[in-house]
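Following: one structure in structure tokens, then a few remarks.
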Amino acid sequence: MKKIIFLSILASLITSACSMNKPEKNNEDTYHLEAINDPHSYANINEVRTVHLHLDLDVNFDNKTIYGVARHEISQHEVDYIIFDIKGLEILKTSTGKDKEQLTDYVIGKNQELLGQSLRVAINENTKFVNIYYQTTKKSEALDWLSPELTSGKNHPFLYTQGQAILTRSWIPLQDSPMNRISYSADVMVPKELIALMSASNPLEKNDSGQYHFEMKQKIPSYLIALAVGDMTYIPLGDNCGVYAEKELESACEYEFHDLPKMIKAASSLYGDYKWEQYDIVMLPFSFPFGGMENPRLTFANPTLLTGDRSSTSVIAHELAHSWSGNLVTNSTWDDFWLNEGFTVYFENRIMEELYGKSEADILATIEYQDLVVALEEIENSEHPEDTQLKLQLKDRSPDEGMTDIAYVKGAFFLRTLEKAVSREKLDEFLKAYFNDHSFQSITTEVFVNDLNTKLLEPKSIEFNTEEWIYKQGMPENHVKIESKRLKSMISIAIDANGGMDVTENQLKSKNRNDFTTQEWLAFIRSIKANASHELLSSLDEQFLFSSEANALVKSDWFKLCAKSKYRSVQPEMEAYLIKIGRRWFVEGIYQLLMDSDDAQDHEFALSTFNKAKDGYHFVTRSTVAEIVN
Ligand code: BES
Ligand code: ZN
């Protein structure tokens, strides 16, 4: 049944592709728009769509509001209205025209909790420009307004946006679907003490006027439009790369991201030239809900990456890899999210292997595989066991629900397994062509599968269970197995500890935390069984200072072990950690385990901690944790 549906989708895709003029490079990729709809957008992009957006923004920290005009240059059309997505925005007026504007009618649709509202603006066949005057509100979920105490410098406020997956519509009225691509420009006004940065051409330093102009000439999906405003300076790290940070974090950034130029070189030589000219990083405050976010030309990064031992640089390799997988070739809908993340995790690992060798890369992949095993089990036992398929069906659900290790790690293992079947050389050749052929396009899983069949598997007469990997649940039997000797030895120490041995008096005697890498500690801590004895936990903590001094990555797994084992002596440190850090994957697991406890004490601790922490979290983390603790 599924196969029949799939084949008919594919057939209609291919016919629609053939019946239209072949799209040109850097094109307005229309052909796939014919075949599918985006279940997460109201926009009528099959009829009319934005081709360029200009933003006039005034960022006001006093009342935490952005006052804006979104000026949409739209495509040729035959309809008399254009539909945009909005969420938590106040629309003030709409007009058409460029130099001479004329007011035009608009209608706002019913509010839906997930998608927000449609904004339908009247146009006629000659309309080329639609202008929307608006302001953001307290319900603008993309925006994180931070008071000075939540920054490193503690003197100035900070603002950043998080658009992916469908939050851009909460700070800009636009057609918020990754199926459409637009170029954009912006004029942004901010307080004089602060610098404004966007996923576009950026200033090298603060200016006295507080006014900044931005250009993103390449066509990008709406979720990649991003803004950060704070007291930051620029530190170049190479010819075309650098980092923006508050001055307190400058030297840590310089140390941690030292290898960035090498990464860019390695990535380009793998899959083709870097197409975005500049690659910078902006170091955000601790509340940022992700490790990193691949906003083009300006990756947004979380200060938890500053581990002091470069053990989180793979996150930067990951965000850089998105410059190809995700930003150059984009998932058409959020059901195709694995095209962004699975390819990126695979690519990230190839960059890491290029720079640090195979055994380092294998260590990272092994840790990821451990995460995948946990995720598979969780999802298989959830309401939506079909979420273990790579291709998702998220209609009427939040795209966030697709953000699991299935897209990331199963997706990457699909490519690793394919690599083994066809040889690395052939896969690389195919991927390089794939990124080139679909540059600046948004594509579906089916377009990828068609490419894979016609350009790689069929010409070389190679059989591969692609269908099973993408459209079936669970992990196919033929997945490659990755092992790491160094991690194995840590796991065996944990197994001895589980058996009752005092490992601090044996294998770990007279060692200290820095004798092992972050990933070795992760492997060790994860392999200690739940309900570990408090004696073991306290002697480990005393010797290795996990609760007080480990980096955030190690602490996240350590506190999960403590929660699973009801080891409550670490509550003060755990609470401080949960208040300081807003990175969703680093906190949600801890809250979840506390709530899974059969003891009400743990639930109360989770709830009271959340109440203290929540004002400092971005909406993304706050809403996830609220669901867990309530
Ligand atoms: N693009 C994602 C973050 C994201 C995904 C935000 C979906 C909103 C919706 C980013 O590239 C990412 O994957 N970040 C990871 C990094 C990691 C897998 C190396 C993170 O934040 O932990
Ligand atoms: Zn990613």
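Chain identifiers are assigned as A, B, and so on, following the order in which chains appear in the structure tokens; residues are numbered from 1 within each chain, and ligands are numbered from 1 in order of appearance.
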I'd like the contact shell of region 89-95 of chain A - 10 Å cut-off, only C-alpha atoms, skipping same-chain residues fewer than 2 positions apart - returned as a PyMOL selection string.
chain A and resi 67-71+85-87+97-98+100-106+108+116-117+119+121-123+129-141+169-173
I need the chosen residues saved as a compact mmCIF listing (two decimals), in the first residue's frame, with C-alpha atoms.
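After the write, again.txt holds the following:
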```txt
# COMPACT_ATOMS: atom_id res chain seq x y z
CA TYR A 67 8.31 47.71 15.15
CA GLY A 68 8.56 46.59 11.57
CA VAL A 69 7.59 46.91 7.97
CA ALA A 70 7.90 43.75 5.87
CA ARG A 71 8.13 44.79 2.21
CA ASP A 85 1.67 33.32 7.99
CA ILE A 86 1.60 35.26 11.24
CA LYS A 87 1.73 34.22 14.90
CA GLY A 97 3.36 49.69 -4.19
CA LYS A 98 6.97 50.74 -3.75
CA LYS A 100 3.89 55.43 -3.83
CA GLU A 101 2.04 53.19 -1.41
CA GLN A 102 -1.67 52.59 -1.37
CA LEU A 103 -3.56 51.07 1.53
CA THR A 104 -5.06 47.70 0.78
CA ASP A 105 -7.49 45.41 2.63
CA TYR A 106 -6.49 42.47 4.72
CA ILE A 108 -6.74 37.78 9.55
CA GLY A 116 -0.91 30.83 14.20
CA GLN A 117 -3.04 32.81 11.77
CA LEU A 119 -3.00 37.02 6.87
CA VAL A 121 -3.90 40.70 1.75
CA ALA A 122 -5.78 41.99 -1.28
CA ILE A 123 -3.70 42.52 -4.44
CA PHE A 129 5.00 45.04 -3.78
CA VAL A 130 3.03 44.28 -0.62
CA ASN A 131 3.99 46.10 2.60
CA ILE A 132 2.92 44.93 6.02
CA TYR A 133 3.25 47.33 8.97
CA TYR A 134 3.37 45.41 12.22
CA GLN A 135 4.75 45.04 15.70
CA THR A 136 5.81 42.00 17.70
CA THR A 137 4.11 41.13 21.00
CA LYS A 138 4.81 39.11 24.17
CA LYS A 139 3.55 36.14 22.18
CA SER A 140 6.27 36.44 19.54
CA GLU A 141 7.77 33.04 20.29
CA ARG A 169 6.16 34.01 11.42
CA SER A 170 6.14 35.21 15.02
CA TRP A 171 8.56 38.07 14.29
CA ILE A 172 8.05 38.65 10.56
CA PRO A 173 4.79 38.34 8.62
```
Note to self: I need the residues of region 35-252 of chain A that end up classed as strand (DSSP E) by DSSP on the backbone, written out as number ranges by chain.
What the structure shows: A: 50-60, 65-74, 81-86, 89-96, 102-103, 106-108, 117-122, 129-136, 143-146, 158-161, 182-189, 195-198, 211-220, 227-230, 233-238, 241-245
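Residues of protein, DNA or RNA lying at most 10 Å from ligand 2, when only C-alpha atoms and all ligand atoms are considered, are A:Phe290, A:Gly291, A:Gly292, A:Met293, A:Glu294, A:Val315, A:Ile316, A:Ala317, A:His318, A:Glu319, A:Leu320, A:Ala321, A:His322, A:Ser325, A:Gly326, A:Phe337, A:Trp338, A:Asn340, A:Glu341, A:Gly342, A:Phe343, A:Thr344, A:Val345, A:Glu348, A:Met403, A:Ala407, A:Tyr408.
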Report task. Excluding Lys529 (chain A) and residues on its chain fewer than 4 positions from it, collect all residues at most 12 Å away from it, counting only C-alpha atoms, and give them as a ChimeraX atom specification. Result -> /A:491,494-500,524-525,533,536-537,558,560-565
List the neighbours of Asp400 (chain A) out to 12 Å using only C-alpha atoms; skip same-chain residues closer than 4 positions along the sequence, and give me the result as a PyMOL selection string. chain A and resi 40+114+163-167+334-335+337+387+392+394-396+404+407+584+620-621+623-624
For this session: Apply DSSP to the backbone of this structure and, from region 252-422 of chain A, keep only the residues in alpha helix (DSSP H); write these as a PyMOL selection string.
Result: chain A and resi 252-256+260-271+313-321+337-356+358-380+405+411-422
How about saving the chosen residues, C-alpha atoms kept, as a PDB file, in the first residue's frame?
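Output below, filename result-v9.pdb:
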```
ATOM      1  CA  ALA A 252      37.460  31.107  25.085  1.00  0.00           C
ATOM      2  CA  CYS A 253      35.916  31.412  21.605  1.00  0.00           C
ATOM      3  CA  GLU A 254      39.278  31.957  20.012  1.00  0.00           C
ATOM      4  CA  TYR A 255      40.635  28.817  21.624  1.00  0.00           C
ATOM      5  CA  GLU A 256      37.603  26.623  21.030  1.00  0.00           C
ATOM      6  CA  LEU A 260      37.403  26.695  11.882  1.00  0.00           C
ATOM      7  CA  PRO A 261      39.434  27.660   8.767  1.00  0.00           C
ATOM      8  CA  LYS A 262      40.592  24.046   8.420  1.00  0.00           C
ATOM      9  CA  MET A 263      37.019  22.833   8.738  1.00  0.00           C
ATOM     10  CA  ILE A 264      35.811  25.123   5.970  1.00  0.00           C
ATOM     11  CA  LYS A 265      38.619  23.899   3.743  1.00  0.00           C
ATOM     12  CA  ALA A 266      37.877  20.254   4.479  1.00  0.00           C
ATOM     13  CA  ALA A 267      34.143  20.682   3.911  1.00  0.00           C
ATOM     14  CA  SER A 268      34.636  22.488   0.597  1.00  0.00           C
ATOM     15  CA  SER A 269      37.005  19.875  -0.695  1.00  0.00           C
ATOM     16  CA  LEU A 270      34.514  17.138   0.154  1.00  0.00           C
ATOM     17  CA  TYR A 271      31.315  18.476  -1.423  1.00  0.00           C
ATOM     18  CA  THR A 313      33.779  21.407  18.023  1.00  0.00           C
ATOM     19  CA  SER A 314      31.766  18.769  16.199  1.00  0.00           C
ATOM     20  CA  VAL A 315      28.758  21.042  16.748  1.00  0.00           C
ATOM     21  CA  ILE A 316      30.509  23.703  14.673  1.00  0.00           C
ATOM     22  CA  ALA A 317      31.406  21.085  12.044  1.00  0.00           C
ATOM     23  CA  HIS A 318      27.697  20.245  12.081  1.00  0.00           C
ATOM     24  CA  GLU A 319      26.458  23.812  11.610  1.00  0.00           C
ATOM     25  CA  LEU A 320      29.076  24.414   8.941  1.00  0.00           C
ATOM     26  CA  ALA A 321      27.960  21.254   7.103  1.00  0.00           C
ATOM     27  CA  PHE A 337      13.647  17.053   7.997  1.00  0.00           C
ATOM     28  CA  TRP A 338      16.077  14.097   7.798  1.00  0.00           C
ATOM     29  CA  LEU A 339      17.333  15.503   4.466  1.00  0.00           C
ATOM     30  CA  ASN A 340      18.653  18.417   6.510  1.00  0.00           C
ATOM     31  CA  GLU A 341      19.839  16.704   9.658  1.00  0.00           C
ATOM     32  CA  GLY A 342      20.766  13.148   8.625  1.00  0.00           C
ATOM     33  CA  PHE A 343      22.938  14.408   5.785  1.00  0.00           C
ATOM     34  CA  THR A 344      24.446  16.990   8.110  1.00  0.00           C
ATOM     35  CA  VAL A 345      25.388  14.494  10.826  1.00  0.00           C
ATOM     36  CA  TYR A 346      27.002  12.305   8.163  1.00  0.00           C
ATOM     37  CA  PHE A 347      28.845  15.294   6.677  1.00  0.00           C
ATOM     38  CA  GLU A 348      29.830  16.587  10.141  1.00  0.00           C
ATOM     39  CA  ASN A 349      31.463  13.244  10.897  1.00  0.00           C
ATOM     40  CA  ARG A 350      33.355  13.312   7.606  1.00  0.00           C
ATOM     41  CA  ILE A 351      34.728  16.762   8.479  1.00  0.00           C
ATOM     42  CA  MET A 352      35.761  15.491  11.920  1.00  0.00           C
ATOM     43  CA  GLU A 353      37.469  12.470  10.365  1.00  0.00           C
ATOM     44  CA  GLU A 354      39.316  14.707   7.906  1.00  0.00           C
ATOM     45  CA  LEU A 355      40.623  16.934  10.719  1.00  0.00           C
ATOM     46  CA  TYR A 356      41.153  14.576  13.635  1.00  0.00           C
ATOM     47  CA  LYS A 358      39.017   8.041  12.027  1.00  0.00           C
ATOM     48  CA  SER A 359      39.203   6.982  15.642  1.00  0.00           C
ATOM     49  CA  GLU A 360      38.007  10.414  16.837  1.00  0.00           C
ATOM     50  CA  ALA A 361      35.177  10.351  14.302  1.00  0.00           C
ATOM     51  CA  ASP A 362      34.207   6.832  15.392  1.00  0.00           C
ATOM     52  CA  ILE A 363      34.055   7.922  19.018  1.00  0.00           C
ATOM     53  CA  LEU A 364      31.527  10.608  18.107  1.00  0.00           C
ATOM     54  CA  ALA A 365      29.468   8.234  15.967  1.00  0.00           C
ATOM     55  CA  THR A 366      29.430   5.643  18.762  1.00  0.00           C
ATOM     56  CA  ILE A 367      28.063   8.173  21.250  1.00  0.00           C
ATOM     57  CA  GLU A 368      25.412   9.168  18.708  1.00  0.00           C
ATOM     58  CA  TYR A 369      24.485   5.548  18.176  1.00  0.00           C
ATOM     59  CA  GLN A 370      23.946   5.165  21.945  1.00  0.00           C
ATOM     60  CA  ASP A 371      21.535   8.103  21.765  1.00  0.00           C
ATOM     61  CA  LEU A 372      19.752   6.513  18.822  1.00  0.00           C
ATOM     62  CA  VAL A 373      19.171   3.234  20.650  1.00  0.00           C
ATOM     63  CA  VAL A 374      17.489   5.131  23.503  1.00  0.00           C
ATOM     64  CA  ALA A 375      15.398   7.199  21.070  1.00  0.00           C
ATOM     65  CA  LEU A 376      14.287   4.161  19.072  1.00  0.00           C
ATOM     66  CA  GLU A 377      13.029   2.435  22.172  1.00  0.00           C
ATOM     67  CA  GLU A 378      11.237   5.543  23.413  1.00  0.00           C
ATOM     68  CA  ILE A 379       9.525   6.224  20.098  1.00  0.00           C
ATOM     69  CA  GLU A 380       8.583   2.594  19.510  1.00  0.00           C
ATOM     70  CA  ASP A 405      17.672  11.151  16.765  1.00  0.00           C
ATOM     71  CA  GLY A 411      19.594   9.480   8.794  1.00  0.00           C
ATOM     72  CA  ALA A 412      23.390   9.516   9.137  1.00  0.00           C
ATOM     73  CA  PHE A 413      23.560   5.728   9.488  1.00  0.00           C
ATOM     74  CA  PHE A 414      21.533   5.402   6.302  1.00  0.00           C
ATOM     75  CA  LEU A 415      24.282   7.293   4.456  1.00  0.00           C
ATOM     76  CA  ARG A 416      27.071   5.392   6.234  1.00  0.00           C
ATOM     77  CA  THR A 417      25.461   2.109   5.282  1.00  0.00           C
ATOM     78  CA  LEU A 418      24.985   3.318   1.722  1.00  0.00           C
ATOM     79  CA  GLU A 419      28.646   4.342   1.701  1.00  0.00           C
ATOM     80  CA  LYS A 420      29.634   0.810   2.610  1.00  0.00           C
ATOM     81  CA  ALA A 421      27.452  -0.613  -0.155  1.00  0.00           C
ATOM     82  CA  VAL A 422      28.614   1.664  -2.977  1.00  0.00           C
TER      83      VAL A 422
END
```
Note to self: At a cut-off of 12 Å, using only C-alpha atoms, what residues contact Leu457 (chain A)? Leave out same-chain residues fewer than 4 positions from it and give the result as a PyMOL selection string.
What the structure shows: chain A and resi 418-419+421-423+426-427+430+449-453+461-466
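Remark: for Thr517 (chain A), the closest of the candidate residues A:Arg583, A:Arg310, A:Arg424, A:Lys432 is A:Arg310 (distances computed over only C-alpha atoms).
With only C-alpha atoms as the atoms that count, the minimum distance from Thr65 (chain A) to the choices A:Val480, A:Ala576, A:Leu143, A:Ile235 is reached by A:Leu143.
Nearest-residue note for ligand 1: choosing from A:Pro572, A:Pro296, A:Pro157, A:Gly238, the minimum distance belongs to A:Pro296, counting only C-alpha atoms and all ligand atoms.
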Nearest to ligand 1, restricted to only C-alpha atoms and all ligand atoms and choosing among A:Val243, A:Leu224, A:Leu508, A:Leu487, comes out as A:Leu224
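The shortest atom-to-atom distance to ligand 1, with only C-alpha atoms and all ligand atoms taken into account, belongs to A:Ala301 out of A:Ala186, A:Ile482, A:Ala301, A:Val554.
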Ligand 1 proximity check over A:Tyr244, A:Trp521, A:Tyr223, A:Phe516, using only C-alpha atoms and all ligand atoms: winner is A:Tyr223
I want to know what sits within 9 Å of Leu553 (chain A), based on only C-alpha atoms, with residues of the same chain fewer than 4 positions away left out; could you give that as a PyMOL selection string? chain A and resi 304-305+307+312+518+522+557-558+586
Store the residues picked out above in a file with all heavy atoms, as a PDB file, in the first residue's frame.
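Below is the file part18.pdb, written as the result:
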```
ATOM      1  N   THR A 304      27.654  26.744  25.933  1.00  0.00           N
ATOM      2  CA  THR A 304      28.039  25.411  26.437  1.00  0.00           C
ATOM      3  C   THR A 304      29.056  24.746  25.509  1.00  0.00           C
ATOM      4  O   THR A 304      29.662  23.743  25.881  1.00  0.00           O
ATOM      5  CB  THR A 304      26.830  24.468  26.576  1.00  0.00           C
ATOM      6  OG1 THR A 304      26.160  24.403  25.313  1.00  0.00           O
ATOM      7  CG2 THR A 304      25.868  24.936  27.647  1.00  0.00           C
ATOM      8  N   LEU A 305      29.247  25.300  24.294  1.00  0.00           N
ATOM      9  CA  LEU A 305      30.269  24.735  23.402  1.00  0.00           C
ATOM     10  C   LEU A 305      31.673  25.071  23.902  1.00  0.00           C
ATOM     11  O   LEU A 305      32.652  24.458  23.491  1.00  0.00           O
ATOM     12  CB  LEU A 305      30.122  25.270  21.973  1.00  0.00           C
ATOM     13  CG  LEU A 305      28.792  25.087  21.251  1.00  0.00           C
ATOM     14  CD1 LEU A 305      28.946  25.404  19.768  1.00  0.00           C
ATOM     15  CD2 LEU A 305      28.264  23.674  21.410  1.00  0.00           C
ATOM     16  N   THR A 307      33.840  24.335  26.070  1.00  0.00           N
ATOM     17  CA  THR A 307      34.166  23.347  27.104  1.00  0.00           C
ATOM     18  C   THR A 307      35.610  23.468  27.558  1.00  0.00           C
ATOM     19  O   THR A 307      36.004  22.857  28.540  1.00  0.00           O
ATOM     20  CB  THR A 307      33.952  21.923  26.559  1.00  0.00           C
ATOM     21  OG1 THR A 307      34.550  21.863  25.258  1.00  0.00           O
ATOM     22  CG2 THR A 307      32.479  21.602  26.434  1.00  0.00           C
ATOM     23  N   SER A 312      33.537  20.013  21.914  1.00  0.00           N
ATOM     24  CA  SER A 312      32.241  20.253  21.276  1.00  0.00           C
ATOM     25  C   SER A 312      32.373  20.822  19.881  1.00  0.00           C
ATOM     26  O   SER A 312      31.402  21.285  19.300  1.00  0.00           O
ATOM     27  CB  SER A 312      31.409  21.223  22.123  1.00  0.00           C
ATOM     28  OG  SER A 312      30.966  20.569  23.290  1.00  0.00           O
ATOM     29  N   THR A 518      35.963  14.215  27.235  1.00  0.00           N
ATOM     30  CA  THR A 518      34.518  14.389  27.451  1.00  0.00           C
ATOM     31  C   THR A 518      33.746  13.157  26.968  1.00  0.00           C
ATOM     32  O   THR A 518      32.877  12.633  27.672  1.00  0.00           O
ATOM     33  CB  THR A 518      34.047  15.654  26.702  1.00  0.00           C
ATOM     34  OG1 THR A 518      34.625  16.782  27.352  1.00  0.00           O
ATOM     35  CG2 THR A 518      32.527  15.782  26.714  1.00  0.00           C
ATOM     36  N   LEU A 522      31.306  10.511  28.893  1.00  0.00           N
ATOM     37  CA  LEU A 522      29.912  10.265  28.519  1.00  0.00           C
ATOM     38  C   LEU A 522      29.659   8.761  28.440  1.00  0.00           C
ATOM     39  O   LEU A 522      28.669   8.244  28.981  1.00  0.00           O
ATOM     40  CB  LEU A 522      29.568  10.901  27.168  1.00  0.00           C
ATOM     41  CG  LEU A 522      29.636  12.422  27.086  1.00  0.00           C
ATOM     42  CD1 LEU A 522      29.157  12.897  25.716  1.00  0.00           C
ATOM     43  CD2 LEU A 522      28.808  13.089  28.178  1.00  0.00           C
ATOM     44  N   ASP A 557      24.750  14.522  31.351  1.00  0.00           N
ATOM     45  CA  ASP A 557      24.605  13.066  31.547  1.00  0.00           C
ATOM     46  C   ASP A 557      24.765  12.667  33.013  1.00  0.00           C
ATOM     47  O   ASP A 557      24.113  11.747  33.494  1.00  0.00           O
ATOM     48  CB  ASP A 557      25.615  12.308  30.680  1.00  0.00           C
ATOM     49  CG  ASP A 557      25.033  12.047  29.290  1.00  0.00           C
ATOM     50  OD1 ASP A 557      23.964  12.606  28.983  1.00  0.00           O
ATOM     51  OD2 ASP A 557      25.647  11.280  28.519  1.00  0.00           O
ATOM     52  N   TRP A 558      25.637  13.377  33.697  1.00  0.00           N
ATOM     53  CA  TRP A 558      25.850  13.080  35.117  1.00  0.00           C
ATOM     54  C   TRP A 558      24.559  13.317  35.922  1.00  0.00           C
ATOM     55  O   TRP A 558      24.133  12.491  36.725  1.00  0.00           O
ATOM     56  CB  TRP A 558      27.004  13.929  35.654  1.00  0.00           C
ATOM     57  CG  TRP A 558      27.149  13.916  37.148  1.00  0.00           C
ATOM     58  CD1 TRP A 558      26.903  14.954  37.996  1.00  0.00           C
ATOM     59  CD2 TRP A 558      27.564  12.808  37.963  1.00  0.00           C
ATOM     60  NE1 TRP A 558      27.135  14.576  39.293  1.00  0.00           N
ATOM     61  CE2 TRP A 558      27.542  13.257  39.312  1.00  0.00           C
ATOM     62  CE3 TRP A 558      27.956  11.494  37.706  1.00  0.00           C
ATOM     63  CZ2 TRP A 558      27.896  12.439  40.384  1.00  0.00           C
ATOM     64  CZ3 TRP A 558      28.307  10.676  38.771  1.00  0.00           C
ATOM     65  CH2 TRP A 558      28.265  11.149  40.089  1.00  0.00           C
ATOM     66  N   PHE A 586      19.969  19.568  26.703  1.00  0.00           N
ATOM     67  CA  PHE A 586      20.758  19.416  27.925  1.00  0.00           C
ATOM     68  C   PHE A 586      19.907  19.435  29.188  1.00  0.00           C
ATOM     69  O   PHE A 586      20.384  19.084  30.253  1.00  0.00           O
ATOM     70  CB  PHE A 586      21.801  20.541  28.020  1.00  0.00           C
ATOM     71  CG  PHE A 586      23.051  20.270  27.247  1.00  0.00           C
ATOM     72  CD1 PHE A 586      23.058  19.387  26.170  1.00  0.00           C
ATOM     73  CD2 PHE A 586      24.239  20.894  27.591  1.00  0.00           C
ATOM     74  CE1 PHE A 586      24.218  19.138  25.449  1.00  0.00           C
ATOM     75  CE2 PHE A 586      25.407  20.656  26.881  1.00  0.00           C
ATOM     76  CZ  PHE A 586      25.394  19.786  25.807  1.00  0.00           C
TER      77      PHE A 586
END
```
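Separating CA of Asp515 (chain A) from CA of Ser484 (chain A) is a distance of 17.5 Å.
Relative to CA of Met198 (chain A), CA of Met283 (chain A) is found at 12.9 Å.
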